[in-house]
file final.txt (compact mmCIF, C-alpha atoms)
# COMPACT_ATOMS: atom_id res chain seq x y z
CA MET A 1 17.42 -6.01 7.62
CA LEU A 2 14.22 -5.30 5.71
CA LEU A 3 14.91 -1.55 5.71
CA ASP A 4 18.46 -0.20 5.86
CA ILE A 5 19.37 3.50 5.52
CA HIS A 6 22.90 4.88 5.32
CA GLY A 7 23.93 8.54 5.49
CA LEU A 8 20.63 9.95 4.22
CA GLN A 9 20.73 13.64 3.40
CA GLY A 10 18.05 15.73 1.77
CA GLY A 11 15.14 18.08 2.12
CA TYR A 12 13.76 20.77 -0.09
CA THR A 13 15.11 23.12 -2.74
CA THR A 14 16.49 25.75 -0.40
CA HIS A 15 18.18 23.63 2.25
CA ASN A 16 18.62 20.14 3.65
CA ILE A 17 16.32 19.07 6.46
CA ILE A 18 18.04 15.78 7.32
CA ASN A 19 21.78 15.20 7.49
CA ASP A 20 23.67 11.90 7.69
CA VAL A 21 20.71 9.87 8.99
CA SER A 22 21.38 6.13 9.32
CA LEU A 23 18.98 3.55 10.75
CA SER A 24 17.82 -0.01 10.21
CA VAL A 25 14.50 -1.74 10.83
CA ASP A 26 14.36 -5.53 10.88
CA ALA A 27 11.45 -7.89 10.37
CA GLY A 28 9.16 -8.01 13.39
CA GLN A 29 10.32 -4.63 14.68
CA ILE A 30 8.56 -1.32 15.30
CA GLN A 31 10.79 1.74 15.24
CA ALA A 32 9.66 5.28 16.07
CA LEU A 33 10.91 8.66 14.92
CA ILE A 34 10.35 11.43 17.47
CA GLY A 35 11.53 15.00 17.82
CA PRO A 36 10.38 18.62 17.80
CA ASN A 37 8.53 20.15 14.86
CA GLY A 38 10.91 20.61 11.94
CA ALA A 39 13.38 18.00 13.19
CA GLY A 40 13.02 15.93 10.01
CA LYS A 41 10.62 13.10 10.89
CA THR A 42 8.27 13.57 7.94
CA THR A 43 11.19 14.30 5.61
CA ILE A 44 12.69 10.89 6.40
CA ILE A 45 9.38 9.13 5.76
CA ARG A 46 8.91 10.97 2.46
CA ALA A 47 12.48 10.30 1.34
CA ILE A 48 12.20 6.58 2.03
CA SER A 49 8.85 6.39 0.24
CA GLY A 50 10.31 8.09 -2.85
CA VAL A 51 8.07 11.17 -2.66
CA LEU A 52 10.99 13.44 -1.80
CA PRO A 53 14.36 13.12 -3.59
CA TYR A 54 17.45 12.84 -1.41
CA VAL A 55 20.85 14.25 -2.33
CA ALA A 56 23.10 11.76 -0.56
CA GLY A 57 22.98 8.35 1.11
CA ASP A 58 21.49 4.98 0.27
CA ILE A 59 18.22 3.23 1.06
CA PHE A 60 18.02 -0.56 0.88
CA VAL A 61 14.82 -2.61 1.03
CA GLN A 62 15.19 -6.37 1.42
CA GLY A 63 18.84 -5.91 0.48
CA ASP A 64 18.12 -4.09 -2.81
CA CYS A 65 18.94 -0.43 -3.42
CA MET A 66 15.78 1.65 -3.68
CA ALA A 67 17.26 3.76 -6.47
CA ALA A 68 17.51 0.66 -8.69
CA LEU A 69 13.90 -0.45 -8.18
CA THR A 70 11.04 0.43 -10.51
CA PRO A 71 8.01 2.26 -9.07
CA ILE A 72 6.03 -1.00 -9.16
CA GLU A 73 8.78 -2.88 -7.33
CA ARG A 74 8.94 -0.16 -4.66
CA ALA A 75 5.16 -0.23 -4.25
CA ARG A 76 5.31 -3.99 -3.63
CA ARG A 77 7.88 -3.55 -0.87
CA ILE A 78 6.96 -0.31 0.93
CA ALA A 79 3.51 0.98 1.88
CA VAL A 80 2.98 4.46 3.31
CA VAL A 81 0.33 5.97 5.54
CA PRO A 82 0.82 9.75 5.16
CA GLN A 83 -0.32 12.41 7.57
CA ALA A 84 -4.10 12.65 7.63
CA ARG A 85 -5.52 15.08 5.16
CA GLN A 86 -8.94 15.80 3.72
CA LEU A 87 -9.55 13.27 0.97
CA GLY A 88 -11.69 14.55 -1.86
CA GLY A 89 -13.24 13.03 -4.94
CA ALA A 90 -16.18 10.74 -5.43
CA TYR A 91 -14.37 7.49 -4.65
CA THR A 92 -15.95 5.07 -2.25
CA VAL A 93 -13.95 3.65 0.63
CA ARG A 94 -13.62 0.30 -1.17
CA GLN A 95 -12.38 2.00 -4.34
CA ALA A 96 -9.83 4.04 -2.38
CA VAL A 97 -8.52 0.96 -0.60
CA MET A 98 -8.35 -0.93 -3.92
CA MET A 99 -5.81 1.67 -5.07
CA GLY A 100 -3.38 -0.09 -2.77
CA ARG A 101 -3.50 -3.03 -5.19
CA THR A 102 -2.40 -1.00 -8.22
CA ALA A 103 1.10 -2.48 -8.26
CA TYR A 104 -0.33 -5.99 -8.60
CA MET A 105 -2.72 -5.30 -11.48
CA GLY A 106 -1.89 -5.72 -15.16
CA TRP A 107 -1.80 -3.03 -17.81
CA LEU A 108 -5.59 -3.04 -18.04
CA GLY A 109 -5.95 -2.54 -14.30
CA ARG A 110 -8.27 -5.47 -13.85
CA GLU A 111 -8.96 -6.70 -10.35
CA CYS A 112 -8.64 -10.38 -9.51
CA ARG A 113 -9.91 -12.44 -6.60
CA ARG A 114 -6.66 -11.94 -4.68
CA ASP A 115 -7.05 -8.15 -4.97
CA GLU A 116 -10.63 -8.33 -3.72
CA ASP A 117 -9.64 -10.57 -0.81
CA ALA A 118 -6.80 -8.25 0.20
CA VAL A 119 -9.13 -5.24 0.17
CA GLU A 120 -11.83 -6.99 2.19
CA ALA A 121 -9.24 -8.08 4.75
CA ALA A 122 -7.87 -4.53 5.04
CA LEU A 123 -11.38 -3.12 5.48
CA ALA A 124 -12.12 -5.62 8.23
CA GLN A 125 -8.80 -5.01 10.01
CA THR A 126 -9.44 -1.25 10.13
CA GLN A 127 -13.15 -1.62 11.03
CA LEU A 128 -14.28 -0.04 7.77
CA THR A 129 -16.41 -2.84 6.32
CA ASP A 130 -19.64 -1.01 7.12
CA PHE A 131 -18.26 2.12 5.42
CA ALA A 132 -17.09 0.36 2.24
CA ASP A 133 -19.68 1.91 -0.10
CA ARG A 134 -19.58 5.42 1.35
CA GLN A 135 -17.83 8.28 -0.42
CA ILE A 136 -14.61 9.08 1.39
CA ALA A 137 -15.26 12.82 1.12
CA ARG A 138 -18.18 12.34 3.52
CA LEU A 139 -16.13 10.65 6.22
CA SER A 140 -14.68 12.28 9.32
CA GLY A 141 -10.97 12.96 9.60
CA GLY A 142 -10.47 9.90 11.79
CA GLU A 143 -12.37 7.67 9.40
CA GLN A 144 -10.32 8.96 6.49
CA GLN A 145 -7.14 8.20 8.42
CA ARG A 146 -8.29 4.61 8.72
CA VAL A 147 -8.92 4.52 4.96
CA LEU A 148 -5.29 5.51 4.38
CA LEU A 149 -4.17 2.72 6.70
CA ALA A 150 -6.44 0.21 4.98
CA ARG A 151 -5.04 1.20 1.58
CA ALA A 152 -1.50 0.61 2.86
CA LEU A 153 -2.43 -2.76 4.37
CA ALA A 154 -4.00 -3.82 1.07
CA GLN A 155 -0.56 -3.41 -0.57
CA GLU A 156 0.68 -6.38 1.46
CA THR A 157 4.23 -5.06 1.72
CA PRO A 158 6.98 -6.17 4.13
CA VAL A 159 7.77 -2.55 5.11
CA LEU A 160 5.19 -0.12 6.47
CA LEU A 161 5.84 3.61 6.94
CA LEU A 162 3.44 5.74 8.97
CA ASP A 163 3.50 9.51 9.48
CA GLU A 164 1.49 10.55 12.55
CA PRO A 165 -0.93 7.62 12.11
CA THR A 166 -3.02 8.44 15.20
CA ASN A 167 -3.89 11.99 14.13
CA HIS A 168 -7.66 12.64 14.24
CA LEU A 169 -8.32 9.28 15.88
CA ASP A 170 -10.23 9.06 19.15
CA LEU A 171 -8.88 7.02 22.05
CA ARG A 172 -10.63 3.82 21.01
CA HIS A 173 -9.38 3.92 17.42
CA GLN A 174 -5.89 4.94 18.50
CA THR A 175 -5.80 1.84 20.67
CA ASP A 176 -7.26 -0.38 17.94
CA LEU A 177 -4.76 0.91 15.38
CA LEU A 178 -1.72 0.34 17.57
CA ARG A 179 -2.94 -3.13 18.56
CA LEU A 180 -3.42 -3.94 14.88
CA ILE A 181 0.08 -2.77 14.01
CA ARG A 182 1.58 -4.80 16.83
CA ARG A 183 -0.36 -7.90 15.77
CA LEU A 184 0.62 -7.57 12.10
CA VAL A 185 4.26 -7.09 13.04
CA LYS A 186 4.15 -10.27 15.10
CA GLU A 187 2.12 -12.41 12.69
CA LYS A 188 3.58 -11.25 9.37
CA GLY A 189 7.04 -10.13 10.40
CA LEU A 190 6.60 -6.59 9.10
CA ALA A 191 9.18 -3.86 9.55
CA VAL A 192 7.41 -0.69 10.74
CA LEU A 193 8.83 2.82 10.88
CA PHE A 194 6.57 5.59 12.12
CA ALA A 195 6.80 9.25 13.07
CA MET A 196 4.75 10.37 16.05
CA HIS A 197 4.46 13.31 18.43
CA ASP A 198 2.70 11.42 21.22
CA LEU A 199 5.63 10.18 23.30
CA ASN A 200 3.44 8.11 25.58
CA LEU A 201 2.09 6.09 22.65
CA VAL A 202 5.66 5.72 21.39
CA SER A 203 6.70 4.41 24.79
CA ALA A 204 3.89 1.84 24.74
CA ILE A 205 4.45 0.37 21.28
CA ALA A 206 7.96 1.03 19.93
CA ASP A 207 10.82 -1.44 20.14
CA GLN A 208 13.39 1.23 19.23
CA VAL A 209 13.22 5.03 19.20
CA ALA A 210 15.24 7.54 17.20
CA LEU A 211 15.20 11.08 18.61
CA LEU A 212 15.78 13.64 15.87
CA VAL A 213 17.17 17.09 16.61
CA ASP A 214 18.01 19.56 13.82
CA GLY A 215 17.93 16.89 11.13
CA HIS A 216 20.16 14.28 12.73
CA ILE A 217 19.63 11.39 15.15
CA ASP A 218 20.59 12.70 18.58
CA VAL A 219 19.77 9.59 20.64
CA PHE A 220 18.81 6.07 19.56
CA GLY A 221 17.81 2.98 21.50
CA PRO A 222 14.94 1.28 23.33
CA PRO A 223 12.28 3.57 24.85
CA ALA A 224 13.77 3.30 28.34
CA HIS A 225 17.06 4.67 27.01
CA VAL A 226 15.66 7.51 24.91
CA LEU A 227 12.57 8.63 26.83
CA THR A 228 14.30 10.10 29.87
CA ALA A 229 13.46 13.40 31.55
CA LYS A 230 16.90 14.81 30.78
CA THR A 231 16.92 13.83 27.11
CA ILE A 232 13.34 14.87 26.31
CA SER A 233 13.60 18.15 28.22
CA ALA A 234 16.74 19.11 26.31
CA ALA A 235 15.36 18.14 22.90
CA TYR A 236 11.95 19.81 23.24
CA GLY A 237 12.95 22.78 25.36
CA VAL A 238 10.39 22.10 28.06
CA ARG A 239 10.83 20.54 31.48
CA VAL A 240 9.22 17.10 31.73
CA SER A 241 8.93 14.36 34.29
CA VAL A 242 8.92 10.63 33.62
CA VAL A 243 7.09 8.02 35.66
CA GLN A 244 6.52 4.31 35.24
CA HIS A 245 3.12 3.05 34.13
CA PRO A 246 1.78 0.85 36.96
CA ASP A 247 0.43 -1.85 34.61
CA ASN A 248 2.84 -2.32 31.70
CA GLY A 249 5.99 -0.63 32.98
CA SER A 250 6.25 1.77 30.04
CA ARG A 251 7.37 5.34 30.59
CA VAL A 252 4.82 8.14 30.92
CA ILE A 253 6.02 11.65 30.08
CA PHE A 254 4.30 14.86 31.17
CA PRO A 255 5.19 18.49 32.03
CA PRO A 256 4.93 18.84 35.82
CA GLU A 257 3.92 22.50 35.46
CA LEU A 258 0.54 21.34 34.15
CA THR A 259 -0.16 19.26 37.25
CA GLY A 260 1.26 21.63 39.81
CA GLN A 261 3.52 18.96 41.27
CA GLU A 262 6.85 17.31 40.58
CA SER A 263 6.89 13.56 40.02
CA GLU A 264 9.60 11.17 41.06
CA ARG A 265 12.09 10.76 38.25
CA TYR A 266 14.01 7.67 37.33
CA PRO A 267 17.35 7.52 39.13
CA ASN A 268 19.28 7.37 35.84
CA ASP A 269 17.53 10.37 34.33
call {"tool": "encode", "arguments": {"input": "final.txt", "output": "structure tokens"}}
result
Amino acid sequence: MLLDIHGLQGGYTTHNIINDVSLSVDAGQIQALIGPNGAGKTTIIRAISGVLPYVAGDIFVQGDCMAALTPIERARRIAVVPQARQLGGAYTVRQAVMMGRTAYMGWLGRECRRDEDAVEAALAQTQLTDFADRQIARLSGGEQQRVLLARALAQETPVLLLDEPTNHLDLRHQTDLLRLIRRLVKEKGLAVLFAMHDLNLVSAIADQVALLVDGHIDVFGPPAHVLTAKTISAAYGVRVSVVQHPDNGSRVIFPPELTGQESERYPND
């Protein structure tokens, strides 16, 4: 397994948010974290990335314990796309994406041809080449989200963590981003773990889904196993219906109260 987590427990100074969380993500796999607000999705992402200390458990990356790795070694193995936020400063898009190459530069921080090539590739993959010389503070929220993704791609790591990666993106760029992730997973054998609220996007792209409730994994498995009307209704406290997408067979979740009609549920729901 590229990413292996055992009995993770942690949170903030006053109390633990996650308790005894264990999961594994292998090469070529996309795994989703879902659950209500406060369930612990972002806490898991932050703990794995090293931003948030954890009080118990172990995290292994490529078979090595995260706690034993130096910051540079961690940065060469795990890249993170945090929740979209307003990026300030006078950096250009290219300069911001180049920050993803920090772990590969020497003490003097000099860029080499490989760094430049990695940045140009990341800009092209996220459709930011035309924005490369713009100041990131002048970009829209969706454009800034793509800058964060490009910076992570420029790190060229085997593990990619994403926290609500489609926030602020319009439909076109949501689709482009998820297609890009799927292609990179297939071509480069990445292990991807992401947290997302949009259950329909999760259904369309994830290989495995972990449903978090009150800081622990309540249900785990392929989307068809986790995204059922019974399970989602219980976890989120709202009645939902589940139907099959006519084209790709993925599950589509929606509250019937908003449509004024009840849909046909799966027999095993």
call {"tool": "residues_around", "arguments": {"input": "final.txt", "residues": "His6 in chain A", "least_positions_apart": "6", "cutoff": "10 Å", "atoms": "all atoms listed in the file", "output": "JSON, numbers by chain"}}
result
{"A": [20, 21, 22, 23, 24, 56, 57, 58, 59, 60]}
call {"tool": "residues_around", "arguments": {"input": "final.txt", "residues": "Thr175 in chain A", "least_positions_apart": "3", "cutoff": "12 Å", "atoms": "only C-alpha atoms", "output": "number ranges by chain"}}
result
A: 126, 165-166, 169-172, 178-182, 201, 204-205
call {"tool": "atom_distance", "arguments": {"input": "final.txt", "atom1": "CA of Gly63 in chain A", "atom2": "CA of Ala191 in chain A"}}
result
13.4 Å
call {"tool": "residues_around", "arguments": {"input": "final.txt", "residues": "Leu161 in chain A", "least_positions_apart": "6", "cutoff": "7 Å", "atoms": "all atoms listed in the file", "output": "list in words"}}
result
Ile45, Ala79, Val80, Val81, Val192, Leu193 and Phe194 of chain A
call {"tool": "closest_residue", "arguments": {"input": "final.txt", "among": "A:Arg183, A:Leu87, A:Val219, A:Tyr104", "to": "Ser140 in chain A", "atoms": "only C-alpha atoms"}}
result
A:Leu87
call {"tool": "residues_around", "arguments": {"input": "final.txt", "residues": "Ala195 in chain A", "least_positions_apart": "6", "cutoff": "12 Å", "atoms": "all atoms listed in the file", "output": "PyMOL selection string"}}
result
chain A and resi 30-37+39-46+80-83+160-167+201-202+206+209-212
call {"tool": "closest_residue", "arguments": {"input": "final.txt", "among": "A:Phe131, A:Gly142, A:Ser203, A:Gln95", "to": "Asn248 in chain A", "atoms": "only C-alpha atoms"}}
result
A:Ser203
